[in-house]
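I have placed the structure first, in the form of C-alpha cells, so that the comments after it can refer back to it.
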Amino acid sequence: MVMRTVGEGRLSEWRDDHGRLHPHYAGVASALEQLGPEVLAERWRQSRRQVARDGFTFYLDPREYRTTPIDMLPRVIPAEHWAQISAGVAQRLRAINRFVGALYGDGQDVVPNDVVYSCDYFLPEAEGFRPPSDLWVHIYGIDLVHLGDGRYVILEDNLRVPSGITYQMKTLEIAARQMPEFAEGYNVLPYDVRETYLELFRSVAPDAGPDGPVAVILTDGKFGSAFFEHRYLSDLLGAPLVEGPDLYVGHDGRVYARTVDGDRAVDVVYRRIQDLEIFVPGLRDAYFAGKVALINGVGAEVADDKLVFLWVPEMIRRYLGEEPILEQAPSHNLLDAEERRYAHENLERLVIKSRRGYGGIGVYVMPDLGEETHAQVRALILSKPDEFIAQETLDFSTHVVYDEEGEQLEPRYVDLRVFAVQDGEGRVSVFPGGLTRVARAGSRVTNNSSGGLCKPTWVLA
Amino acid sequence: MTTTNPDPRSMELGVDRWLTDARAYNLLWLGRWLERAYGIARGLLWLAQRDAEGDPNLDAVLMLHTAAASRGMSVPEGATTLDTLLVARNGASVRACLESARYNATFVAPVELIQNLADAIALFEEQDEQPATLAAAGDLLRRMLEILDEAHGTVEQAWFHSEPLSEEEVYQRFVQQQQQQQQQSAPQAAGE
C-alpha cells in the first residue's frame with residue numbers, strides 16, 4: 001500500500017497517468033510506509049527544529065526572522081533526464097558568455113538593438129572591455145520546469161546574483177540527517193561546491209601569488225533575504241564576509257578591506273549585490289582596470305533581462321553552431337506590434353513578467369488571477385510595453401509534500417533551479433540536482449520569495 | 001547515498017578571520033543584547049527568589065515597574081509588567097534581546113552560538129502560555145540561563161584562549177611583537 005495522496009496533481013512526478021508510483025520512488029515510498037505517521041511527524045518536527053537551530057533562513061520581510069520551510073521527501077531525477085539538463089545548461093551558459101563578449105566587444109547582431117538599449121542592465125561603460133579569458137559569466141542559475149516524459153523547459157536565466165546553491169545543500173543535508181531511511185538503496189550523484197568555487201577563485205586571479213587569491217564575499221547585510229547563503233558560503237569557502245563600507249579602492253587602484261589589523265588587499269570579490277557603485281565606489285573601475293576579479297563580472301547582467309531571454313536559442317545557433325538542447329518557454333516581445341496584439345487578445349492565458357523582475361516579483365500568472373487584476377495588467381502593458389514580456393502558461397509538473405497533520409501526501413507545483421559554474425579555463429561544472437522549489441498550495445509561483453518550500457533533489461547515478 | 005559537502009563551521013576564527021567594521025559592529029551588539037538579556041533575567045530571578053521566600057518588605061509590582069523604567073520601557077495598556085520584561089516585542093524584553101542577538105550572531109558568530117540562541121528563544125516560543133507569575137518566570141529564566149551558559153562556553157572556546165597566559169608569557173609575547181615591528185620598520189628607515 002502506498003500513502004494516500006489528496007487530489008492527484010496533474011503531470012505528477014510521483015505517480016504516472018494511471019496512478020502507479022514511478023519506479024524510482026519505490027524505495028522512498030516504502031520508507032514512508034514503514035516508518036508510519038507518528039515517526040514521520042516526529043522527524044518532520046525535528047527537521048523544523050534543525051532548520052531553526054542552524055539559522056537556515058530566507059527572509060520575506062527583513063523585520064521578521066523567518067526560517068526556510070522544507071519538505072524532506074526527495075525529488076528524484078533519473079540519470080537520462082539529468083544528462084539532457086546538464087548538457088543543455090552548459091551549452092546555454094557558453095552561448096550567453098559569447099553573446100555578452102560580442103555585445104561589449106566587436107558587436108553583435110543576434111538581439112535587436114532596441115531590445116539591448118532598452119535593457120536596464122546594458123552598460124555602455126563596458127564597451128571595449130575584455131575580462132580575463134573572455135569570461136563574463138562565472139555563476140549561472142537557470143529555472144526549469146518539467147513537462148513530463150523528461151521534457152524540461154527553461155523559464156528564465158539568472159545572471160546577476162543567482163542565489164540558492166546553499167539552499168540546495170542545506171535542504172539535502174537536513175533531509176539526509178533526519179530521514180536517512182529515504183536514501184537507502186539509492187546511488188546519488190555527488191558534487192563539491194567548495195572545491196569548485198575555490199578553483200573558480202584561483203582561476204580568475206591567477207597572479208595572486210603562491211598562497212592563492214584573497215577572496216571576500218560582499219553582502220548587503222544580515223537583513224538581506226538570502227543572507228543565510230552569504231554566511232554559509234563564507235564559512236564553507238573560508239572567505240571573509242564583508243559589507244560595502246568594509247571595502248575601498250586605494251590610490252593604486254587595488255581593492256582593500258579595512259580591518260582592525262590594517263588594510264588587506266583583495267584579489268577576488270564574490271559579490272552578492274547588484275549595485276556595486278553604491279556599496280563600494282570605484283569597484284567597477286577597479287574591475288575594468290584588471291585590479292580585482294569580480295564574480296559575476298560586470299556586464300553579464302544584460303542576459304538576465306527577460307526579453308533578451310527570447311534570443312538565447314539564436315545565440316546558441318550563432319555562437320556555438322549547435323541546436324539548443326533544452327527548449328524554452330514560448331515568449332512574446334511586447335515591443336513588436338504583432339506580438340503585442342497577440343498578448344492583448346490572449347492575455348487571460350499568458351504569464352506577464354517584468355523584464356527586470358526577480359524572485360517572483362512582477363510575475364502575473366493570468367489564469368490564476370481575477371478580472372480586476374487582468375484589467376490592471378492590461379493597462380500596465382499598454383502603457384509600458386518595453387518593461388514586460390508575455391510568456392505562454394505552461395502546465396508543468398507537480399510533486400508531493402508530506403502533510404503531517406492530515407497524514408497524507410499533497411500535490412504541489414515544483415520547478416528546478418540548476419546552478420553552473422564556469423572557471424577561468426572555460427570549464428563548466430553543473431551541480432547535479434539543483435534546488436527544487438515547491439509552490440504554495442493553489443499557486444504556480446515557486447520562488448522562495450513567494451513563500452514556497454525547498455525540497456531535496458537527487459540525481460541518480 | 002553519497003555525501004556531498006562537509007558541514008561548514010565558522011569556528012575557525014584563526015588568523016584569516018578579519019575584524020572588519022561589519023564584524024566589529026555585530027560583535028559589539030551581540031554582546032550588548034546578551035548583556036541586556038542577562039541583566040533583566042538576573043533581576044527577575046532575584047525578585048522571584050525573594051517572592052518565594054515570602055519577604056514581607058518586597059513590593060514586587062514597584063520593583064518590576066522600576067526594572068522596566070530602568071530599561072526605558074513603559075508598560076502598555078492591558079499588558080503586565082512581567083510580560084513587558086519577559087516576552088514583549090519591545091526591543092528590550094528578554095526574548096526580544098535574544099532575538100536581536102541572534103541577528104548579530106548570524107553575521108559574526110560560530111554556528112554553535114546561533115544554535116544556543118535558537119534553543120534559548122525556543123523556550124519562549126514553545127510555551128503554551130507565557131508565565132503569569134514570578135515563580136513561573138523564574139523557572140523559565142533558570143532554564144534559559146543554563147542554555148546561555150553553554151553559549152558562554154562556545155564563545156570561550158571559539159574566541160578566547162582557554163588557558164590564561166602567565167605574566168611572564170604576556171611579557172615575552174610583547175617583546176616578540178616589539179622586535180618584529182622593529183625588524184619590519186628597519187629597512188624602510190634605512191631607505192629613507
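Naming works like this for the C-alpha cells: A, B, ... for the chains as they're shown, residue 1 at the start of each chain, ligands 1 onward in shown order.
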Residue hits in chain A, query chain B, radius 8 Å, only C-alpha atoms, as a CSV table (one decimal) with N, CA and C atoms, in the first residue's frame:
```
chain,number,residue,atom,x,y,z
A,52,ALA,N,15.6,25.8,12.4
A,52,ALA,CA,15.6,26.9,13.3
A,52,ALA,C,17.0,27.0,14.0
A,53,ARG,N,17.5,25.9,14.5
A,53,ARG,CA,18.7,25.9,15.3
A,53,ARG,C,19.9,26.4,14.4
A,54,ASP,N,20.0,25.9,13.2
A,54,ASP,CA,21.1,26.3,12.3
A,54,ASP,C,21.0,27.6,11.7
A,55,GLY,N,19.9,28.3,11.9
A,55,GLY,CA,19.7,29.6,11.4
A,55,GLY,C,19.6,29.6,9.8
A,169,MET,N,22.1,22.7,-0.8
A,169,MET,CA,22.9,21.9,0.0
A,169,MET,C,22.3,21.7,1.4
A,183,ALA,N,17.2,7.4,1.8
A,183,ALA,CA,18.3,7.2,0.9
A,183,ALA,C,18.8,5.8,0.7
A,184,GLU,N,18.2,4.9,1.5
A,184,GLU,CA,18.7,3.5,1.5
A,184,GLU,C,18.4,2.9,0.1
A,185,GLY,N,19.5,2.4,-0.5
A,185,GLY,CA,19.4,1.8,-1.8
A,185,GLY,C,19.5,2.7,-3.0
A,186,TYR,N,19.7,4.0,-2.7
A,186,TYR,CA,19.8,4.9,-3.8
A,186,TYR,C,21.3,5.3,-4.0
A,187,ASN,N,21.7,5.4,-5.2
A,187,ASN,CA,23.1,5.9,-5.5
A,187,ASN,C,22.9,7.3,-6.2
A,188,VAL,N,23.3,8.3,-5.4
A,188,VAL,CA,23.0,9.7,-5.9
A,188,VAL,C,24.3,10.3,-6.3
A,189,LEU,N,24.3,11.1,-7.4
A,189,LEU,CA,25.5,11.8,-7.9
A,189,LEU,C,26.0,12.8,-6.8
A,190,PRO,N,27.2,12.8,-6.5
A,190,PRO,CA,27.8,13.8,-5.5
A,190,PRO,C,28.2,15.0,-6.2
A,191,TYR,N,28.5,16.0,-5.5
A,191,TYR,CA,29.1,17.2,-6.1
A,191,TYR,C,29.9,18.0,-5.0
A,192,ASP,N,30.8,18.8,-5.4
A,192,ASP,CA,31.6,19.5,-4.4
A,192,ASP,C,31.6,21.0,-4.7
A,193,VAL,N,30.7,21.7,-4.0
A,193,VAL,CA,30.6,23.1,-4.2
A,193,VAL,C,31.9,23.9,-3.8
A,194,ARG,N,32.4,23.4,-2.6
A,194,ARG,CA,33.6,24.1,-2.1
A,194,ARG,C,34.8,24.1,-3.0
A,222,LYS,N,22.9,41.5,7.0
A,222,LYS,CA,22.2,40.4,7.7
A,222,LYS,C,20.7,40.4,7.5
A,228,PHE,N,21.5,34.0,4.7
A,228,PHE,CA,22.0,32.7,5.1
A,228,PHE,C,23.0,32.2,4.1
A,231,ARG,N,26.4,33.9,4.4
A,231,ARG,CA,27.2,33.4,5.6
A,231,ARG,C,27.7,32.0,5.4
A,232,TYR,N,26.8,31.2,4.9
A,232,TYR,CA,27.1,29.8,4.7
A,232,TYR,C,28.3,29.6,3.7
A,235,ASP,N,31.5,30.6,5.4
A,235,ASP,CA,32.1,29.5,6.3
A,235,ASP,C,32.6,28.4,5.4
A,236,LEU,N,31.9,28.1,4.4
A,236,LEU,CA,32.3,26.9,3.5
A,236,LEU,C,33.6,27.2,2.8
A,240,PRO,N,36.2,35.8,3.9
A,240,PRO,CA,35.6,36.7,4.9
A,240,PRO,C,34.3,37.4,4.3
A,242,VAL,N,32.1,40.5,4.0
A,242,VAL,CA,32.3,42.0,4.1
A,242,VAL,C,31.1,42.7,3.6
A,243,GLU,N,30.9,43.9,4.2
A,243,GLU,CA,29.8,44.8,3.7
A,243,GLU,C,30.5,45.9,2.9
A,245,PRO,N,30.9,49.2,3.2
A,245,PRO,CA,31.9,50.1,3.9
A,245,PRO,C,33.2,49.4,4.3
A,246,ASP,N,33.2,48.1,4.3
A,246,ASP,CA,34.5,47.4,4.7
A,246,ASP,C,35.5,47.5,3.6
A,257,ALA,N,40.4,45.7,2.0
A,257,ALA,CA,39.4,45.6,3.1
A,257,ALA,C,40.0,46.3,4.3
A,258,ARG,N,39.2,47.1,5.0
A,258,ARG,CA,39.7,47.7,6.2
A,258,ARG,C,39.5,46.7,7.4
A,259,THR,N,40.6,46.5,8.1
A,259,THR,CA,40.4,45.6,9.3
A,259,THR,C,41.1,46.3,10.4
A,260,VAL,N,40.9,45.8,11.7
A,260,VAL,CA,41.5,46.4,12.8
A,260,VAL,C,43.0,46.2,12.8
A,261,ASP,N,43.4,45.2,12.1
A,261,ASP,CA,44.9,44.9,12.0
A,261,ASP,C,45.5,45.6,10.8
```
Polymer residues at most 10 Å from region 314-324 of chain A, only C-alpha atoms, same-chain spacing of 3 or more positions, as a PyMOL selection string: chain A and resi 87-89+91-99+102+108-111+309-311+327-328
Ile40 (chain B) surroundings by only C-alpha atoms, 9 Å radius, close-in-sequence under 5 positions cut, as a list of chain:residue names: B:Glu35, B:Leu45, B:Ala67, B:Ala68, B:Arg71, B:Leu85, B:Leu86, B:Ala92, B:Ser93, B:Val94
Given the selection you just returned, output its residues as a file containing C-alpha atoms, formatted as a PDB file, in the first residue's frame.
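Below is the file out_17.pdb, written as the result:
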```pdb
ATOM      1  CA  GLU B  35      24.168  41.602  28.453  1.00  0.00           C
ATOM      2  CA  LEU B  45      15.313  35.762  39.209  1.00  0.00           C
ATOM      3  CA  ALA B  67      13.130  47.458  36.322  1.00  0.00           C
ATOM      4  CA  ALA B  68      11.085  48.313  33.231  1.00  0.00           C
ATOM      5  CA  ARG B  71      15.317  49.877  30.574  1.00  0.00           C
ATOM      6  CA  LEU B  85      10.100  42.497  30.722  1.00  0.00           C
ATOM      7  CA  LEU B  86       9.964  38.916  29.582  1.00  0.00           C
ATOM      8  CA  ALA B  92      14.191  45.311  25.486  1.00  0.00           C
ATOM      9  CA  SER B  93      12.414  42.252  26.891  1.00  0.00           C
ATOM     10  CA  VAL B  94      14.499  39.147  27.495  1.00  0.00           C
TER      11      VAL B  94
END
```
Residue with smallest distance to Leu334 (chain A) - pool A:Asp120, A:Asp403, A:Asp386, A:Asp157, counting only C-alpha atoms: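 Checking each candidate against Leu334 (chain A), we get A:Asp386 as the closest.
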DSSP-assigned helix (DSSP H, G or I) members of region 264-316 of chain A, reported as an MDAnalysis selection string: chainID A and resid 276:279 283:288 300:304 308:316
Extract the full set of strand (DSSP E) residues from region 40-266 of chain A according to DSSP on the backbone, and format it as a PDB file with N, CA and C atoms, in the first residue's frame.
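Full text of out_36.pdb as output:
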```
ATOM      1  N   ARG A  75      13.005  14.771  -4.384  1.00  0.00           N
ATOM      2  CA  ARG A  75      12.661  14.681  -5.804  1.00  0.00           C
ATOM      3  C   ARG A  75      13.803  13.896  -6.443  1.00  0.00           C
ATOM      4  N   VAL A  76      13.463  12.900  -7.205  1.00  0.00           N
ATOM      5  CA  VAL A  76      14.481  12.037  -7.811  1.00  0.00           C
ATOM      6  C   VAL A  76      14.497  12.285  -9.324  1.00  0.00           C
ATOM      7  N   ILE A  77      15.668  12.641  -9.824  1.00  0.00           N
ATOM      8  CA  ILE A  77      15.797  12.893 -11.271  1.00  0.00           C
ATOM      9  C   ILE A  77      16.569  11.727 -11.885  1.00  0.00           C
ATOM     10  N   ILE A 139      28.986  32.357 -12.455  1.00  0.00           N
ATOM     11  CA  ILE A 139      27.994  31.552 -11.741  1.00  0.00           C
ATOM     12  C   ILE A 139      26.624  31.842 -12.341  1.00  0.00           C
ATOM     13  N   TYR A 140      25.951  30.778 -12.693  1.00  0.00           N
ATOM     14  CA  TYR A 140      24.746  30.892 -13.508  1.00  0.00           C
ATOM     15  C   TYR A 140      23.647  30.047 -12.880  1.00  0.00           C
ATOM     16  N   GLY A 141      22.458  30.624 -12.775  1.00  0.00           N
ATOM     17  CA  GLY A 141      21.312  29.866 -12.270  1.00  0.00           C
ATOM     18  C   GLY A 141      20.224  29.856 -13.327  1.00  0.00           C
ATOM     19  N   ILE A 142      19.605  28.735 -13.515  1.00  0.00           N
ATOM     20  CA  ILE A 142      18.622  28.622 -14.588  1.00  0.00           C
ATOM     21  C   ILE A 142      17.371  27.944 -14.027  1.00  0.00           C
ATOM     22  N   ASP A 143      16.216  28.511 -14.324  1.00  0.00           N
ATOM     23  CA  ASP A 143      14.958  27.968 -13.797  1.00  0.00           C
ATOM     24  C   ASP A 143      14.275  27.122 -14.861  1.00  0.00           C
ATOM     25  N   LEU A 144      13.963  25.884 -14.482  1.00  0.00           N
ATOM     26  CA  LEU A 144      13.356  24.933 -15.413  1.00  0.00           C
ATOM     27  C   LEU A 144      12.058  24.383 -14.838  1.00  0.00           C
ATOM     28  N   VAL A 145      11.165  23.977 -15.707  1.00  0.00           N
ATOM     29  CA  VAL A 145      10.017  23.183 -15.267  1.00  0.00           C
ATOM     30  C   VAL A 145       9.980  21.906 -16.100  1.00  0.00           C
ATOM     31  N   HIS A 146       9.373  20.894 -15.509  1.00  0.00           N
ATOM     32  CA  HIS A 146       9.305  19.592 -16.172  1.00  0.00           C
ATOM     33  C   HIS A 146       7.898  19.429 -16.742  1.00  0.00           C
ATOM     34  N   TYR A 152      12.187  19.016 -20.187  1.00  0.00           N
ATOM     35  CA  TYR A 152      12.399  20.148 -19.286  1.00  0.00           C
ATOM     36  C   TYR A 152      12.456  21.436 -20.117  1.00  0.00           C
ATOM     37  N   VAL A 153      11.766  22.451 -19.627  1.00  0.00           N
ATOM     38  CA  VAL A 153      11.671  23.698 -20.379  1.00  0.00           C
ATOM     39  C   VAL A 153      12.161  24.849 -19.502  1.00  0.00           C
ATOM     40  N   ILE A 154      12.925  25.752 -20.113  1.00  0.00           N
ATOM     41  CA  ILE A 154      13.522  26.863 -19.361  1.00  0.00           C
ATOM     42  C   ILE A 154      12.530  28.007 -19.236  1.00  0.00           C
ATOM     43  N   LEU A 155      12.419  28.520 -18.009  1.00  0.00           N
ATOM     44  CA  LEU A 155      11.559  29.692 -17.784  1.00  0.00           C
ATOM     45  C   LEU A 155      12.367  30.981 -17.772  1.00  0.00           C
ATOM     46  N   GLU A 156      13.535  30.946 -17.172  1.00  0.00           N
ATOM     47  CA  GLU A 156      14.363  32.155 -17.190  1.00  0.00           C
ATOM     48  C   GLU A 156      15.813  31.861 -16.811  1.00  0.00           C
ATOM     49  N   ASP A 157      16.677  32.821 -17.166  1.00  0.00           N
ATOM     50  CA  ASP A 157      18.096  32.742 -16.828  1.00  0.00           C
ATOM     51  C   ASP A 157      18.382  33.738 -15.711  1.00  0.00           C
ATOM     52  N   ASN A 158      19.268  33.358 -14.795  1.00  0.00           N
ATOM     53  CA  ASN A 158      19.643  34.260 -13.702  1.00  0.00           C
ATOM     54  C   ASN A 158      21.147  34.483 -13.749  1.00  0.00           C
ATOM     55  N   ALA A 215      40.025  36.149  -1.312  1.00  0.00           N
ATOM     56  CA  ALA A 215      38.666  36.336  -1.813  1.00  0.00           C
ATOM     57  C   ALA A 215      37.749  36.741  -0.669  1.00  0.00           C
ATOM     58  N   VAL A 216      36.818  37.638  -0.971  1.00  0.00           N
ATOM     59  CA  VAL A 216      35.819  38.022   0.035  1.00  0.00           C
ATOM     60  C   VAL A 216      34.426  37.864  -0.564  1.00  0.00           C
ATOM     61  N   ILE A 217      33.457  37.756   0.307  1.00  0.00           N
ATOM     62  CA  ILE A 217      32.055  37.716  -0.134  1.00  0.00           C
ATOM     63  C   ILE A 217      31.418  39.033   0.276  1.00  0.00           C
ATOM     64  N   LEU A 218      30.952  39.767  -0.720  1.00  0.00           N
ATOM     65  CA  LEU A 218      30.366  41.089  -0.471  1.00  0.00           C
ATOM     66  C   LEU A 218      28.861  40.934  -0.296  1.00  0.00           C
ATOM     67  N   THR A 219      28.381  41.261   0.898  1.00  0.00           N
ATOM     68  CA  THR A 219      26.966  41.058   1.209  1.00  0.00           C
ATOM     69  C   THR A 219      26.265  42.398   1.417  1.00  0.00           C
ATOM     70  N   LEU A 241      33.366  37.564   5.138  1.00  0.00           N
ATOM     71  CA  LEU A 241      32.118  38.221   4.743  1.00  0.00           C
ATOM     72  C   LEU A 241      32.299  39.714   4.985  1.00  0.00           C
ATOM     73  N   VAL A 242      32.105  40.517   3.953  1.00  0.00           N
ATOM     74  CA  VAL A 242      32.300  41.963   4.127  1.00  0.00           C
ATOM     75  C   VAL A 242      31.070  42.714   3.632  1.00  0.00           C
ATOM     76  N   GLU A 243      30.862  43.879   4.221  1.00  0.00           N
ATOM     77  CA  GLU A 243      29.820  44.783   3.735  1.00  0.00           C
ATOM     78  C   GLU A 243      30.498  45.888   2.932  1.00  0.00           C
ATOM     79  N   LEU A 247      35.070  47.754   2.345  1.00  0.00           N
ATOM     80  CA  LEU A 247      35.971  47.756   1.187  1.00  0.00           C
ATOM     81  C   LEU A 247      36.193  49.171   0.685  1.00  0.00           C
ATOM     82  N   TYR A 248      37.364  49.412   0.130  1.00  0.00           N
ATOM     83  CA  TYR A 248      37.595  50.683  -0.559  1.00  0.00           C
ATOM     84  C   TYR A 248      38.626  50.445  -1.659  1.00  0.00           C
ATOM     85  N   VAL A 249      38.653  51.372  -2.612  1.00  0.00           N
ATOM     86  CA  VAL A 249      39.629  51.279  -3.701  1.00  0.00           C
ATOM     87  C   VAL A 249      40.767  52.243  -3.389  1.00  0.00           C
ATOM     88  N   VAL A 255      41.767  46.938  -4.615  1.00  0.00           N
ATOM     89  CA  VAL A 255      40.681  46.928  -3.637  1.00  0.00           C
ATOM     90  C   VAL A 255      41.239  46.442  -2.299  1.00  0.00           C
ATOM     91  N   TYR A 256      40.874  47.144  -1.238  1.00  0.00           N
ATOM     92  CA  TYR A 256      41.349  46.787   0.104  1.00  0.00           C
ATOM     93  C   TYR A 256      40.164  46.617   1.048  1.00  0.00           C
ATOM     94  N   ALA A 257      40.386  45.750   2.031  1.00  0.00           N
ATOM     95  CA  ALA A 257      39.420  45.619   3.125  1.00  0.00           C
ATOM     96  C   ALA A 257      40.015  46.284   4.346  1.00  0.00           C
ATOM     97  N   ARG A 258      39.196  47.089   4.998  1.00  0.00           N
ATOM     98  CA  ARG A 258      39.658  47.723   6.244  1.00  0.00           C
ATOM     99  C   ARG A 258      39.480  46.717   7.381  1.00  0.00           C
ATOM    100  N   THR A 259      40.558  46.467   8.113  1.00  0.00           N
ATOM    101  CA  THR A 259      40.419  45.612   9.284  1.00  0.00           C
ATOM    102  C   THR A 259      41.141  46.292  10.444  1.00  0.00           C
ATOM    103  N   GLY A 262      44.789  46.470  10.119  1.00  0.00           N
ATOM    104  CA  GLY A 262      45.324  47.145   8.940  1.00  0.00           C
ATOM    105  C   GLY A 262      44.563  46.746   7.685  1.00  0.00           C
ATOM    106  N   ASP A 263      44.909  47.394   6.581  1.00  0.00           N
ATOM    107  CA  ASP A 263      44.190  47.126   5.330  1.00  0.00           C
ATOM    108  C   ASP A 263      44.737  45.869   4.672  1.00  0.00           C
ATOM    109  N   ARG A 264      43.838  45.093   4.081  1.00  0.00           N
ATOM    110  CA  ARG A 264      44.242  43.852   3.422  1.00  0.00           C
ATOM    111  C   ARG A 264      43.822  43.907   1.956  1.00  0.00           C
ATOM    112  N   ALA A 265      44.778  43.661   1.067  1.00  0.00           N
ATOM    113  CA  ALA A 265      44.464  43.686  -0.371  1.00  0.00           C
ATOM    114  C   ALA A 265      43.561  42.499  -0.725  1.00  0.00           C
ATOM    115  N   VAL A 266      42.630  42.746  -1.613  1.00  0.00           N
ATOM    116  CA  VAL A 266      41.656  41.727  -2.009  1.00  0.00           C
ATOM    117  C   VAL A 266      41.833  41.427  -3.493  1.00  0.00           C
TER     118      VAL A 266
END
```
Length of the CA of Asn333 (chain A) to CA of Ser383 (chain A) vector [Å]: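 CA of Asn333 (chain A) sits 14.6 Å away from CA of Ser383 (chain A).
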Between CA of Ala126 (chain A) and CA of Leu335 (chain A), distance in Å (one decimal):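 These two atoms are separated by 25.2 Å.
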